[in-house]
$ cat coords_4.cif   # mmCIF, C-alpha atoms
data_my_file
#
loop_
_atom_site.label_atom_id
_atom_site.label_comp_id
_atom_site.auth_asym_id
_atom_site.auth_seq_id
_atom_site.Cartn_x
_atom_site.Cartn_y
_atom_site.Cartn_z
CA MET A 168 99.47 -50.67 -134.90
CA ALA A 169 97.51 -47.77 -136.32
CA THR A 170 95.01 -48.86 -138.92
CA SER A 171 93.45 -45.54 -139.90
CA LEU A 172 94.85 -45.84 -143.41
CA ALA A 173 94.88 -49.62 -143.57
CA THR A 174 91.54 -49.86 -145.31
CA ARG A 175 92.34 -47.38 -148.04
CA THR A 176 94.92 -46.89 -150.74
CA VAL A 177 97.70 -44.92 -149.13
CA VAL A 178 99.78 -44.38 -152.23
CA PRO A 179 97.25 -43.96 -155.05
CA THR A 180 98.49 -44.01 -158.60
CA LEU A 181 97.45 -41.28 -160.97
CA SER A 182 96.54 -43.31 -164.00
CA SER A 183 94.01 -40.63 -164.90
CA SER A 184 96.32 -37.70 -164.30
CA GLY A 185 97.70 -37.60 -167.80
CA ALA A 186 101.27 -37.47 -166.55
CA ASN A 187 103.62 -39.52 -168.69
CA ARG A 188 105.24 -41.15 -165.73
CA LYS A 189 105.14 -44.57 -164.17
CA THR A 190 104.19 -44.29 -160.52
CA THR A 191 104.57 -47.37 -158.37
CA SER A 192 102.07 -47.94 -155.60
CA GLY A 193 103.45 -48.01 -152.08
CA VAL A 194 102.16 -51.57 -151.63
CA LYS A 195 103.10 -54.46 -153.89
CA GLY A 196 101.57 -57.73 -152.74
CA THR A 197 103.20 -57.46 -149.36
CA VAL A 198 104.06 -54.29 -147.57
CA SER A 199 106.54 -52.10 -149.43
CA LYS A 200 109.59 -50.45 -147.94
CA ILE A 201 107.65 -47.21 -147.98
CA ALA A 202 105.89 -48.38 -144.84
CA LEU A 203 109.10 -49.05 -142.97
CA LYS A 204 108.80 -48.13 -139.30
CA SER A 205 105.59 -46.18 -139.80
CA SER A 206 101.85 -46.50 -139.64
CA PHE A 207 101.57 -45.71 -143.35
CA VAL A 208 100.67 -49.29 -144.16
CA GLY A 209 97.96 -49.68 -146.75
CA CYS A 210 96.58 -51.79 -149.50
CA LYS A 211 93.79 -51.59 -151.99
CA VAL A 212 90.61 -53.20 -150.75
CA THR A 213 90.82 -56.10 -153.15
CA VAL A 214 92.26 -59.00 -151.16
CA PRO A 215 91.06 -62.14 -153.00
CA THR A 216 90.71 -64.32 -149.91
CA ALA A 217 88.90 -61.73 -147.83
CA PRO A 218 86.87 -59.09 -149.67
CA ALA A 219 86.73 -55.68 -148.02
CA ALA A 220 89.66 -56.63 -145.82
CA CYS A 221 93.26 -55.58 -145.68
CA VAL A 222 96.61 -57.19 -145.02
CA VAL A 223 98.01 -55.99 -141.71
CA ALA A 224 101.72 -55.28 -141.43
CA ARG A 225 103.78 -56.45 -138.47
CA HIS A 226 106.94 -54.97 -137.08
CA SER A 227 109.30 -57.80 -136.26
CA VAL A 228 111.96 -57.62 -133.56
CA SER A 229 114.54 -56.87 -136.22
CA GLY A 230 112.61 -53.79 -137.24
CA LYS A 231 111.62 -55.17 -140.63
CA VAL A 232 108.05 -55.03 -141.80
CA THR A 233 106.37 -58.29 -142.66
CA ALA A 234 102.84 -59.09 -143.69
CA SER A 235 100.57 -62.06 -143.75
CA THR A 236 97.35 -62.64 -145.66
CA ALA A 237 96.17 -64.59 -142.64
CA ASP A 238 96.03 -61.39 -140.63
CA VAL A 239 92.99 -59.58 -141.89
CA ILE A 240 90.58 -57.09 -140.43
CA GLU A 241 87.05 -57.77 -141.56
CA ALA A 242 85.20 -54.63 -142.55
CA LYS A 243 82.30 -53.84 -140.26
CA PRO A 244 78.93 -52.84 -141.70
CA LYS A 245 78.88 -49.11 -142.24
CA SER A 246 76.19 -46.55 -142.78
CA LYS A 247 76.43 -44.01 -145.58
CA ALA A 248 77.57 -41.38 -143.06
CA ASP A 249 80.43 -43.65 -141.99
CA ASP A 250 81.67 -43.85 -145.57
CA LEU A 251 82.02 -40.07 -145.90
CA LEU A 252 85.57 -38.80 -145.56
CA VAL A 253 84.53 -35.47 -144.04
CA THR A 254 81.75 -34.13 -141.87
CA ARG A 255 79.45 -31.38 -143.08
CA ASP A 256 81.32 -28.73 -141.07
CA GLU A 257 84.71 -29.94 -142.32
CA ALA A 258 83.49 -30.01 -145.92
CA LEU A 259 82.15 -26.46 -145.77
CA ASP A 260 85.35 -25.20 -144.12
CA VAL A 261 87.55 -26.79 -146.78
CA TYR A 262 85.30 -25.65 -149.62
CA GLU A 263 85.28 -22.06 -148.35
CA ASP A 264 89.06 -22.08 -148.02
CA MET A 265 89.54 -23.42 -151.56
CA VAL A 266 87.16 -20.85 -153.03
CA LEU A 267 88.88 -18.07 -151.09
CA GLY A 268 92.25 -19.13 -152.50
CA ARG A 269 90.99 -19.22 -156.09
CA SER A 270 89.02 -15.96 -155.91
CA PHE A 271 91.86 -14.16 -154.17
CA GLU A 272 94.37 -15.20 -156.84
CA ASP A 273 92.03 -14.24 -159.67
CA MET A 274 91.72 -10.79 -158.10
CA CYS A 275 95.50 -10.59 -157.77
CA ALA A 276 95.78 -11.06 -161.52
CA GLN A 277 93.39 -8.15 -162.11
CA MET A 278 95.20 -5.90 -159.67
CA TYR A 279 98.61 -6.79 -161.12
CA TYR A 280 97.57 -5.84 -164.63
CA ARG A 281 96.07 -2.61 -163.29
CA GLY A 282 99.43 -1.65 -161.85
CA LYS A 283 98.52 -2.11 -158.19
CA MET A 284 101.21 -4.76 -157.62
CA PHE A 285 104.84 -4.80 -158.65
CA GLY A 286 107.58 -7.33 -159.21
CA PHE A 287 106.87 -11.01 -159.80
CA VAL A 288 103.54 -12.43 -158.67
CA HIS A 289 103.11 -16.21 -158.71
CA LEU A 290 99.55 -17.49 -158.52
CA TYR A 291 98.27 -20.73 -157.00
CA ASN A 292 95.27 -21.48 -159.23
CA GLY A 293 94.74 -25.24 -159.60
CA GLN A 294 96.73 -26.28 -156.52
CA GLU A 295 94.11 -25.39 -153.89
CA ALA A 296 93.52 -29.01 -152.87
CA VAL A 297 97.05 -29.18 -151.44
CA SER A 298 96.93 -26.04 -149.31
CA SER A 299 93.40 -26.61 -148.03
CA GLY A 300 93.86 -30.36 -147.68
CA VAL A 301 96.92 -29.98 -145.46
CA ILE A 302 96.77 -26.65 -143.65
CA ARG A 303 93.13 -26.79 -142.56
CA LEU A 304 94.10 -29.82 -140.44
CA LEU A 305 96.69 -27.83 -138.50
CA LYS A 306 96.33 -26.00 -135.21
CA LYS A 307 97.06 -22.29 -134.90
CA GLU A 308 100.25 -23.15 -132.96
CA ASP A 309 101.60 -25.29 -135.82
CA PHE A 310 104.14 -23.87 -138.26
CA VAL A 311 104.14 -23.51 -142.04
CA THR A 312 106.86 -22.43 -144.45
CA SER A 313 106.07 -21.64 -148.05
CA THR A 314 107.65 -20.61 -151.33
CA TYR A 315 107.30 -17.63 -153.65
CA ARG A 316 103.79 -19.00 -154.41
CA ASP A 317 102.65 -18.26 -150.87
CA HIS A 318 99.45 -16.16 -150.88
CA VAL A 319 97.07 -19.10 -150.51
CA HIS A 320 99.19 -20.84 -147.87
CA ALA A 321 98.91 -17.64 -145.83
CA LEU A 322 95.14 -17.51 -146.27
CA SER A 323 94.71 -21.20 -145.36
CA LYS A 324 96.77 -20.66 -142.19
CA GLY A 325 94.39 -17.91 -141.12
CA VAL A 326 96.11 -14.69 -142.17
CA PRO A 327 93.24 -12.29 -143.01
CA ALA A 328 92.70 -11.55 -146.70
CA ARG A 329 92.99 -7.83 -145.94
CA LEU A 330 96.52 -8.22 -144.62
CA VAL A 331 97.65 -10.42 -147.51
CA MET A 332 96.23 -8.09 -150.15
CA ALA A 333 97.69 -5.01 -148.43
CA GLU A 334 101.07 -6.70 -148.42
CA LEU A 335 100.77 -7.34 -152.14
CA PHE A 336 99.94 -3.65 -152.62
CA GLY A 337 103.07 -2.73 -150.63
CA LYS A 338 101.07 -0.95 -147.94
CA SER A 339 101.94 -0.43 -144.28
CA THR A 340 98.85 -2.40 -143.19
CA GLY A 341 100.15 -5.57 -144.82
CA CYS A 342 101.21 -8.59 -142.78
CA CYS A 343 104.85 -7.49 -143.28
CA ARG A 344 104.08 -3.75 -143.30
CA GLY A 345 104.54 -3.68 -147.06
CA GLN A 346 108.17 -4.78 -147.01
CA GLY A 347 107.68 -8.44 -147.87
CA GLY A 348 105.54 -8.27 -150.97
CA SER A 349 104.21 -11.21 -152.92
CA MET A 350 107.00 -13.69 -152.19
CA HIS A 351 107.65 -13.02 -148.50
CA MET A 352 104.42 -13.39 -146.54
CA PHE A 353 105.05 -13.77 -142.82
CA SER A 354 102.85 -13.84 -139.71
CA LYS A 355 104.20 -14.87 -136.34
CA GLU A 356 100.68 -14.76 -134.91
CA HIS A 357 99.47 -17.40 -137.36
CA GLY A 358 102.56 -19.60 -137.40
CA LEU A 359 103.44 -18.64 -140.96
CA LEU A 360 107.23 -18.60 -140.93
CA GLY A 361 107.55 -17.05 -144.34
CA GLY A 362 107.35 -17.37 -148.05
CA PHE A 363 110.81 -17.70 -149.59
CA ALA A 364 111.80 -16.44 -153.02
CA PHE A 365 114.77 -18.78 -153.40
CA ILE A 366 113.71 -22.39 -153.70
CA GLY A 367 114.54 -24.63 -150.78
CA GLU A 368 115.05 -21.81 -148.28
CA GLY A 369 111.94 -22.60 -146.28
CA ILE A 370 112.81 -26.26 -145.65
CA PRO A 371 115.64 -25.59 -143.13
CA VAL A 372 113.45 -23.01 -141.38
CA ALA A 373 110.61 -25.53 -140.97
CA THR A 374 113.13 -28.14 -139.83
CA GLY A 375 114.47 -25.71 -137.24
CA ALA A 376 110.94 -25.00 -135.99
CA ALA A 377 110.37 -28.74 -135.65
CA PHE A 378 113.62 -29.05 -133.70
CA THR A 379 112.40 -26.28 -131.38
CA THR A 380 109.27 -28.28 -130.61
CA LYS A 381 111.26 -31.43 -129.87
CA TYR A 382 113.78 -29.53 -127.73
CA LYS A 383 111.04 -27.88 -125.67
CA ARG A 384 109.34 -31.20 -125.08
CA GLU A 385 112.33 -33.45 -124.39
CA VAL A 386 114.89 -31.09 -122.87
CA LEU A 387 112.78 -28.36 -121.28
CA LYS A 388 110.09 -30.90 -120.31
CA ASP A 389 107.27 -28.81 -121.73
CA ASP A 390 104.42 -31.30 -122.11
CA ASN A 391 102.38 -28.74 -124.04
CA ALA A 392 104.97 -28.49 -126.83
CA ASP A 393 103.38 -30.50 -129.61
CA ALA A 394 103.53 -28.13 -132.58
CA VAL A 395 103.97 -29.71 -136.00
CA SER A 396 105.88 -28.01 -138.82
CA VAL A 397 104.89 -28.32 -142.48
CA ALA A 398 107.27 -27.33 -145.26
CA PHE A 399 105.74 -26.69 -148.70
CA PHE A 400 107.98 -26.68 -151.76
CA GLY A 401 107.92 -27.65 -155.42
CA ASP A 402 109.34 -30.41 -157.57
CA GLY A 403 112.20 -28.18 -158.73
CA THR A 404 113.41 -27.86 -155.14
CA CYS A 405 113.84 -31.61 -154.74
CA ASN A 406 117.18 -31.59 -156.55
CA ASN A 407 118.65 -29.04 -154.13
CA GLY A 408 120.93 -29.77 -151.23
CA GLN A 409 118.75 -28.29 -148.46
CA PHE A 410 116.05 -30.82 -149.28
CA PHE A 411 118.29 -33.85 -148.75
CA GLU A 412 120.11 -32.40 -145.75
CA CYS A 413 116.86 -31.64 -143.95
CA LEU A 414 115.34 -35.04 -144.75
CA ASN A 415 118.39 -36.62 -143.16
CA MET A 416 118.31 -34.39 -140.07
CA ALA A 417 114.55 -34.76 -139.57
CA ALA A 418 114.72 -38.54 -139.80
CA LEU A 419 117.84 -38.76 -137.61
CA TRP A 420 116.23 -36.76 -134.80
CA LYS A 421 112.61 -37.88 -135.47
CA LEU A 422 111.45 -34.30 -135.79
CA PRO A 423 107.72 -33.44 -135.92
CA ILE A 424 107.66 -32.23 -139.51
CA VAL A 425 105.79 -33.01 -142.71
CA PHE A 426 107.53 -32.31 -146.02
CA VAL A 427 104.93 -31.53 -148.71
CA VAL A 428 106.09 -31.52 -152.33
CA GLU A 429 103.69 -29.68 -154.61
CA ASN A 430 104.73 -31.38 -157.82
CA ASN A 431 102.99 -29.34 -160.51
CA LEU A 432 105.20 -31.07 -163.12
CA TRP A 433 107.00 -27.89 -164.19
CA ALA A 434 109.86 -25.93 -162.63
CA ILE A 435 109.20 -22.63 -164.42
CA GLY A 436 109.64 -23.90 -167.98
CA MET A 437 111.53 -27.12 -167.21
CA SER A 438 109.57 -30.35 -167.25
CA HIS A 439 110.05 -32.37 -164.08
CA LEU A 440 110.69 -35.49 -166.15
CA ARG A 441 113.61 -33.85 -167.94
CA ALA A 442 115.28 -32.57 -164.77
CA THR A 443 115.13 -35.48 -162.33
CA SER A 444 116.78 -38.88 -162.70
CA VAL A 445 114.20 -40.52 -160.42
CA PRO A 446 110.99 -38.53 -160.94
CA GLU A 447 109.08 -40.33 -158.17
CA ILE A 448 109.94 -37.85 -155.43
CA TRP A 449 108.15 -39.82 -152.70
CA LYS A 450 110.76 -42.57 -153.04
CA LYS A 451 113.33 -40.27 -151.50
CA GLY A 452 111.54 -40.58 -148.15
CA PRO A 453 112.33 -44.25 -147.49
CA ALA A 454 115.93 -43.59 -148.54
CA PHE A 455 116.25 -41.49 -145.38
CA GLY A 456 114.19 -43.80 -143.18
CA MET A 457 110.84 -42.02 -143.31
CA PRO A 458 107.57 -42.83 -145.07
CA GLY A 459 107.16 -41.45 -148.57
CA VAL A 460 103.63 -41.09 -149.93
CA HIS A 461 102.39 -40.16 -153.39
CA VAL A 462 98.89 -38.73 -153.64
CA ASP A 463 96.59 -37.17 -156.21
CA GLY A 464 97.08 -33.49 -155.47
CA MET A 465 93.96 -32.56 -157.44
CA ASP A 466 91.75 -34.43 -154.96
CA VAL A 467 91.41 -32.56 -151.66
CA LEU A 468 89.97 -35.58 -149.85
CA LYS A 469 92.92 -37.80 -150.76
CA VAL A 470 95.36 -35.07 -149.77
CA ARG A 471 93.50 -34.54 -146.50
CA GLU A 472 93.49 -38.25 -145.69
CA VAL A 473 97.22 -38.66 -146.14
CA ALA A 474 98.03 -35.35 -144.46
CA LYS A 475 95.93 -36.21 -141.42
CA GLU A 476 97.92 -39.37 -140.77
CA ALA A 477 101.24 -37.60 -141.36
CA ILE A 478 100.36 -34.76 -138.99
CA GLU A 479 99.13 -37.13 -136.29
CA ARG A 480 102.25 -39.23 -136.73
CA ALA A 481 104.47 -36.18 -136.26
CA ARG A 482 102.51 -34.92 -133.26
CA ARG A 483 102.74 -38.21 -131.38
CA GLY A 484 106.52 -38.28 -131.84
CA ASP A 485 106.90 -40.84 -134.61
CA GLY A 486 108.91 -38.55 -136.86
CA PRO A 487 108.70 -36.96 -140.32
CA THR A 488 106.83 -37.89 -143.48
CA LEU A 489 107.42 -36.96 -147.12
CA ILE A 490 104.25 -36.39 -149.14
CA GLU A 491 104.34 -35.86 -152.88
CA CYS A 492 101.17 -34.19 -154.13
CA GLU A 493 100.93 -34.41 -157.91
CA THR A 494 99.06 -31.27 -158.91
CA TYR A 495 98.98 -28.65 -161.67
CA ARG A 496 98.99 -24.87 -161.86
CA PHE A 497 96.41 -23.38 -164.19
CA ARG A 498 98.42 -20.24 -164.96
CA GLY A 499 101.98 -19.58 -166.06
CA HIS A 500 104.89 -19.68 -163.63
CA SER A 501 104.18 -16.03 -162.80
CA LEU A 502 101.98 -13.32 -164.24
CA ALA A 503 104.96 -12.32 -166.39
CA ASP A 504 105.04 -15.80 -167.97
CA PRO A 505 103.08 -16.13 -171.25
CA ASP A 506 102.88 -19.90 -170.57
CA GLU A 507 103.77 -20.98 -174.08
CA LEU A 508 105.91 -24.02 -173.22
CA ARG A 509 103.26 -26.35 -171.86
CA ASN A 510 101.17 -28.47 -174.19
CA PRO A 511 97.63 -27.07 -174.61
CA ALA A 512 96.22 -30.60 -174.39
CA GLU A 513 97.98 -31.12 -171.07
CA LYS A 514 96.58 -27.88 -169.71
CA ALA A 515 93.08 -28.75 -170.90
CA HIS A 516 93.30 -32.18 -169.29
CA TYR A 517 94.10 -30.79 -165.86
CA ALA A 518 91.60 -27.95 -166.19
CA ALA A 519 88.94 -30.63 -166.55
CA ARG A 520 90.08 -32.02 -163.18
CA ASP A 521 89.58 -28.73 -161.35
CA PRO A 522 89.87 -29.61 -157.62
CA ILE A 523 87.19 -27.12 -156.56
CA SER A 524 84.64 -28.37 -159.07
CA ALA A 525 85.37 -31.98 -158.08
CA PHE A 526 84.96 -31.26 -154.38
CA LYS A 527 81.76 -29.29 -154.98
CA LYS A 528 80.35 -32.28 -156.84
CA TYR A 529 81.29 -34.57 -153.93
CA ILE A 530 79.57 -32.28 -151.43
CA LEU A 531 76.35 -32.12 -153.43
CA GLU A 532 76.20 -35.80 -154.31
CA ASN A 533 76.67 -36.81 -150.67
CA GLY A 534 74.17 -34.34 -149.28
CA LEU A 535 76.71 -32.42 -147.21
CA ALA A 536 75.30 -29.09 -148.41
CA THR A 537 72.86 -27.68 -150.91
CA GLU A 538 73.60 -25.71 -154.05
CA ALA A 539 72.16 -22.63 -152.36
CA GLU A 540 74.51 -23.02 -149.39
CA LEU A 541 77.55 -23.28 -151.64
CA LYS A 542 76.44 -20.25 -153.64
CA ALA A 543 76.13 -18.34 -150.37
CA ILE A 544 79.75 -19.23 -149.59
CA ASP A 545 80.81 -18.10 -153.07
CA LYS A 546 79.03 -14.76 -152.53
CA LYS A 547 80.61 -14.36 -149.08
CA ILE A 548 84.09 -14.93 -150.51
CA ASP A 549 83.49 -12.41 -153.31
CA GLU A 550 82.66 -9.84 -150.66
CA VAL A 551 85.74 -10.75 -148.60
CA VAL A 552 88.02 -10.33 -151.61
CA GLU A 553 86.41 -7.05 -152.68
CA ASP A 554 86.77 -5.76 -149.13
CA ALA A 555 90.45 -6.79 -149.11
CA VAL A 556 91.09 -4.79 -152.28
CA GLU A 557 89.34 -1.71 -150.93
CA PHE A 558 91.26 -1.97 -147.66
CA ALA A 559 94.59 -2.35 -149.46
CA ASP A 560 93.91 0.46 -151.89
CA GLU A 561 92.97 2.90 -149.13
CA SER A 562 95.83 1.94 -146.80
CA PRO A 563 98.87 4.25 -146.52
CA LEU A 564 102.29 3.52 -147.95
CA PRO A 565 105.10 2.79 -145.46
CA VAL A 566 107.02 5.81 -144.19
CA ARG A 567 110.53 6.24 -145.54
CA SER A 568 112.16 5.67 -142.14
CA GLN A 569 110.74 2.14 -142.09
CA LEU A 570 113.43 1.11 -144.56
CA LEU A 571 116.02 0.72 -141.81
CA GLU A 572 113.77 -0.81 -139.17
CA ASN A 573 114.43 -4.44 -138.25
CA VAL A 574 117.80 -4.24 -139.99
CA PHE A 575 120.24 -3.32 -137.22
CA VAL A 576 120.30 -4.96 -133.79
CA ASP A 577 121.94 -1.94 -132.07
CA PRO A 578 119.39 0.90 -131.94
CA LYS A 579 122.35 3.33 -131.96
CA GLY A 580 124.06 1.60 -134.84
CA PHE A 581 124.44 2.65 -138.43
CA GLY A 582 120.75 3.33 -138.98
CA ILE A 583 120.14 5.80 -136.12
CA GLY A 584 122.30 8.79 -135.23
CA PRO A 585 123.28 10.06 -131.76
CA ASP A 586 120.29 12.39 -131.83
CA GLY A 587 117.95 9.40 -132.14
CA LYS A 588 116.96 10.23 -135.70
CA TYR A 589 117.48 8.05 -138.75
CA ARG A 590 120.72 8.86 -140.52
CA CYS A 591 119.04 8.35 -143.88
CA GLU A 592 116.92 11.43 -143.17
CA ASP A 593 120.03 13.60 -142.87
CA PRO A 594 120.69 15.39 -146.19
CA ASP A 595 124.43 14.71 -145.77
CA PHE A 596 123.93 10.97 -145.22
CA THR A 597 125.00 10.09 -148.75
CA ALA A 598 127.62 12.81 -149.08
CA GLY A 599 130.67 11.58 -150.97
CA THR A 600 128.90 8.60 -152.49
CA ALA A 601 127.84 8.10 -156.08
CA GLN A 602 124.48 9.60 -156.87
CA VAL A 603 121.98 7.04 -158.12
#
$ encode --input "coords_4.cif" --output "structure tokens"
Amino acid sequence: MATSLATRTVVPTLSSSGANRKTTSGVKGTVSKIALKSSFVGCKVTVPTAPAACVVARHSVSGKVTASTADVIEAKPKSKADDLLVTRDEALDVYEDMVLGRSFEDMCAQMYYRGKMFGFVHLYNGQEAVSSGVIRLLKKEDFVTSTYRDHVHALSKGVPARLVMAELFGKSTGCCRGQGGSMHMFSKEHGLLGGFAFIGEGIPVATGAAFTTKYKREVLKDDNADAVSVAFFGDGTCNNGQFFECLNMAALWKLPIVFVVENNLWAIGMSHLRATSVPEIWKKGPAFGMPGVHVDGMDVLKVREVAKEAIERARRGDGPTLIECETYRFRGHSLADPDELRNPAEKAHYAARDPISAFKKYILENGLATEAELKAIDKKIDEVVEDAVEFADESPLPVRSQLLENVFVDPKGFGIGPDGKYRCEDPDFTAGTAQV
């Protein structure tokens, strides 16, 4: 029985989050159904009969989970270093990634209003703890699918800032050669399987990638196939059919996938509480036979702790996990949204819980880095973002013939004529059609 999470609260409540919602902890006295057939067994370290100890769950022959207060693991004496949730190197990596995400998005806002970007641009400010807390634990070979709010997921997965910014500028040097834009980041090299403009689209893709890993390992006998897929999506997606269908398939086949709900409480202008009959999204996990975990999505260390167990669980073949990260976006739904529907007090409350400021405080208070070291990282990121803008601005636009590339399978099909040239370049190509 894995006990990596047994000494901590696995399903923390967000009594300080300000959300007007009752969230039930995953453990009530004994082990809740959320821990069914998983190693996500936890309890708060407040067992009356054995301080600093935890009830240990047992899997009976029938498959049910039972618990006994007689089975306790006494906490061993720990040094201060043992109590830290991250090492110095891990802390600096996560901090740098969070700062990169925030600075990059702030620059995107400037560039959008200067007319360098077009269409809808959805920024990630405020939600950095989720992306950094999950993706920085992945290997390069692992897969990620995102949503229309995908810039920071791409950066966390390792896509260079230059390529992301160039894509936003619609330039040929972008990660999709300028054809994807803000909502469709993709990089095969980095395992980023796409941002998806329509909600829920990325979940089946991530599920398919997870099936590929399982098929390679079990059917093709590839012992090196251990890639984990992570699907990011929002609270609004959780009422869509793809979500439920993929939860069922992933649990049925024990696929190596982690479903991460970034519940920022608002689906554009619709409050999550008004749109969902059971607002506790994590409860939908146990309904399909997988663990469901609710975590404070404004705390990168809590997100990282839960994500680490979920990823390890998937990689060792124990199946999927549903993680609900309760977070908050600091800007409107997109840069075209004046953000007039949300209560100013609510926005101020979450702004005071800025995940980057909180993590910076943790780093300094625990001696993981000095103020000067963190300022050096901030300066480095400013330079990276400035360089990305310069690179994007100076990059060329895609050539016109690129419009029909990667559209037709047959190289001699509709897009290319017998002479090997693109039909669209022939002045008579549109002859007889309405002029637009």
$ resolve_selection --input "coords_4.cif" --expression "the PyMOL selection byres ((chain A and resi 358) around 10)" --output "PDB file with C-alpha atoms, in the coordinates of the input"
ATOM      1  CA  LYS A 306      96.330 -26.000-135.210  1.00  0.00           C
ATOM      2  CA  LYS A 307      97.060 -22.290-134.900  1.00  0.00           C
ATOM      3  CA  GLU A 308     100.250 -23.150-132.960  1.00  0.00           C
ATOM      4  CA  ASP A 309     101.600 -25.290-135.820  1.00  0.00           C
ATOM      5  CA  PHE A 310     104.140 -23.870-138.260  1.00  0.00           C
ATOM      6  CA  VAL A 311     104.140 -23.510-142.040  1.00  0.00           C
ATOM      7  CA  THR A 312     106.860 -22.430-144.450  1.00  0.00           C
ATOM      8  CA  ALA A 321      98.910 -17.640-145.830  1.00  0.00           C
ATOM      9  CA  LYS A 324      96.770 -20.660-142.190  1.00  0.00           C
ATOM     10  CA  GLY A 325      94.390 -17.910-141.120  1.00  0.00           C
ATOM     11  CA  VAL A 326      96.110 -14.690-142.170  1.00  0.00           C
ATOM     12  CA  PHE A 353     105.050 -13.770-142.820  1.00  0.00           C
ATOM     13  CA  SER A 354     102.850 -13.840-139.710  1.00  0.00           C
ATOM     14  CA  LYS A 355     104.200 -14.870-136.340  1.00  0.00           C
ATOM     15  CA  GLU A 356     100.680 -14.760-134.910  1.00  0.00           C
ATOM     16  CA  HIS A 357      99.470 -17.400-137.360  1.00  0.00           C
ATOM     17  CA  LEU A 359     103.440 -18.640-140.960  1.00  0.00           C
ATOM     18  CA  LEU A 360     107.230 -18.600-140.930  1.00  0.00           C
ATOM     19  CA  GLY A 361     107.550 -17.050-144.340  1.00  0.00           C
ATOM     20  CA  ALA A 394     103.530 -28.130-132.580  1.00  0.00           C
ATOM     21  CA  SER A 396     105.880 -28.010-138.820  1.00  0.00           C
TER      22      SER A 396
END
$ resolve_selection --input "coords_4.cif" --expression "the PyMOL selection byres ((chain A and resi 375-380) around 8)" --output "PDB file with C-alpha atoms, in the coordinates of the input"
ATOM      1  CA  PHE A 310     104.140 -23.870-138.260  1.00  0.00           C
ATOM      2  CA  PRO A 371     115.640 -25.590-143.130  1.00  0.00           C
ATOM      3  CA  VAL A 372     113.450 -23.010-141.380  1.00  0.00           C
ATOM      4  CA  ALA A 373     110.610 -25.530-140.970  1.00  0.00           C
ATOM      5  CA  THR A 374     113.130 -28.140-139.830  1.00  0.00           C
ATOM      6  CA  LYS A 381     111.260 -31.430-129.870  1.00  0.00           C
ATOM      7  CA  TYR A 382     113.780 -29.530-127.730  1.00  0.00           C
ATOM      8  CA  LYS A 383     111.040 -27.880-125.670  1.00  0.00           C
ATOM      9  CA  ARG A 384     109.340 -31.200-125.080  1.00  0.00           C
ATOM     10  CA  ALA A 392     104.970 -28.490-126.830  1.00  0.00           C
ATOM     11  CA  ASP A 393     103.380 -30.500-129.610  1.00  0.00           C
ATOM     12  CA  ALA A 394     103.530 -28.130-132.580  1.00  0.00           C
ATOM     13  CA  VAL A 395     103.970 -29.710-136.000  1.00  0.00           C
ATOM     14  CA  SER A 396     105.880 -28.010-138.820  1.00  0.00           C
ATOM     15  CA  LEU A 422     111.450 -34.300-135.790  1.00  0.00           C
ATOM     16  CA  PRO A 423     107.720 -33.440-135.920  1.00  0.00           C
ATOM     17  CA  ILE A 424     107.660 -32.230-139.510  1.00  0.00           C
TER      18      ILE A 424
END
$ atom_distance --input "coords_4.cif" --atom1 "CA of Ser562 in chain A" --atom2 "CA of Thr340 in chain A"
6.4 Å
$ atom_distance --input "coords_4.cif" --atom1 "CA of Val556 in chain A" --atom2 "CA of Met284 in chain A"
11.4 Å
$ resolve_selection --input "coords_4.cif" --expression "the PyMOL selection byres ((chain A and resi 474) around 12)" --output "PyMOL selection string"
chain A and resi 172+177+207+296-305+395+397+424-428+459-464+467-473+475-481+487-492
$ closest_residue --input "coords_4.cif" --among "A:Ala364, A:Leu535, A:Leu432, A:Met457" --to "Leu251 in chain A" --atoms "only C-alpha atoms"
A:Leu535
$ atom_distance --input "coords_4.cif" --atom1 "CA of Gly337 in chain A" --atom2 "CA of Leu564 in chain A"
6.8 Å
$ closest_residue --input "coords_4.cif" --among "A:Val266, A:Ile435, A:Leu330, A:Ala503" --to "Cys342 in chain A" --atoms "all atoms listed in the file"
A:Leu330
$ residues_around --input "coords_4.cif" --residues "Asp506 in chain A" --least-positions-apart "3" --cutoff "12 Å" --atoms "all atoms listed in the file" --output "ChimeraX atom specification"
/A:433,435-437,496-503,509-511,514
$ closest_residue --input "coords_4.cif" --among "A:Glu295, A:Glu538, A:Asp593, A:Glu553" --to "Gly268 in chain A" --atoms "only C-alpha atoms"
A:Glu295
$ closest_residue --input "coords_4.cif" --among "A:Glu257, A:Asp402, A:Glu550, A:Glu561" --to "Ala328 in chain A" --atoms "all atoms listed in the file"
A:Glu550
$ closest_residue --input "coords_4.cif" --among "A:Pro458, A:Asn406, A:Leu259, A:Asp317" --to "Ala543 in chain A" --atoms "all atoms listed in the file"
A:Leu259
$ closest_residue --input "coords_4.cif" --among "A:Leu387, A:Ile523, A:Gly367, A:Tyr517" --to "Ser270 in chain A" --atoms "all atoms listed in the file"
A:Ile523
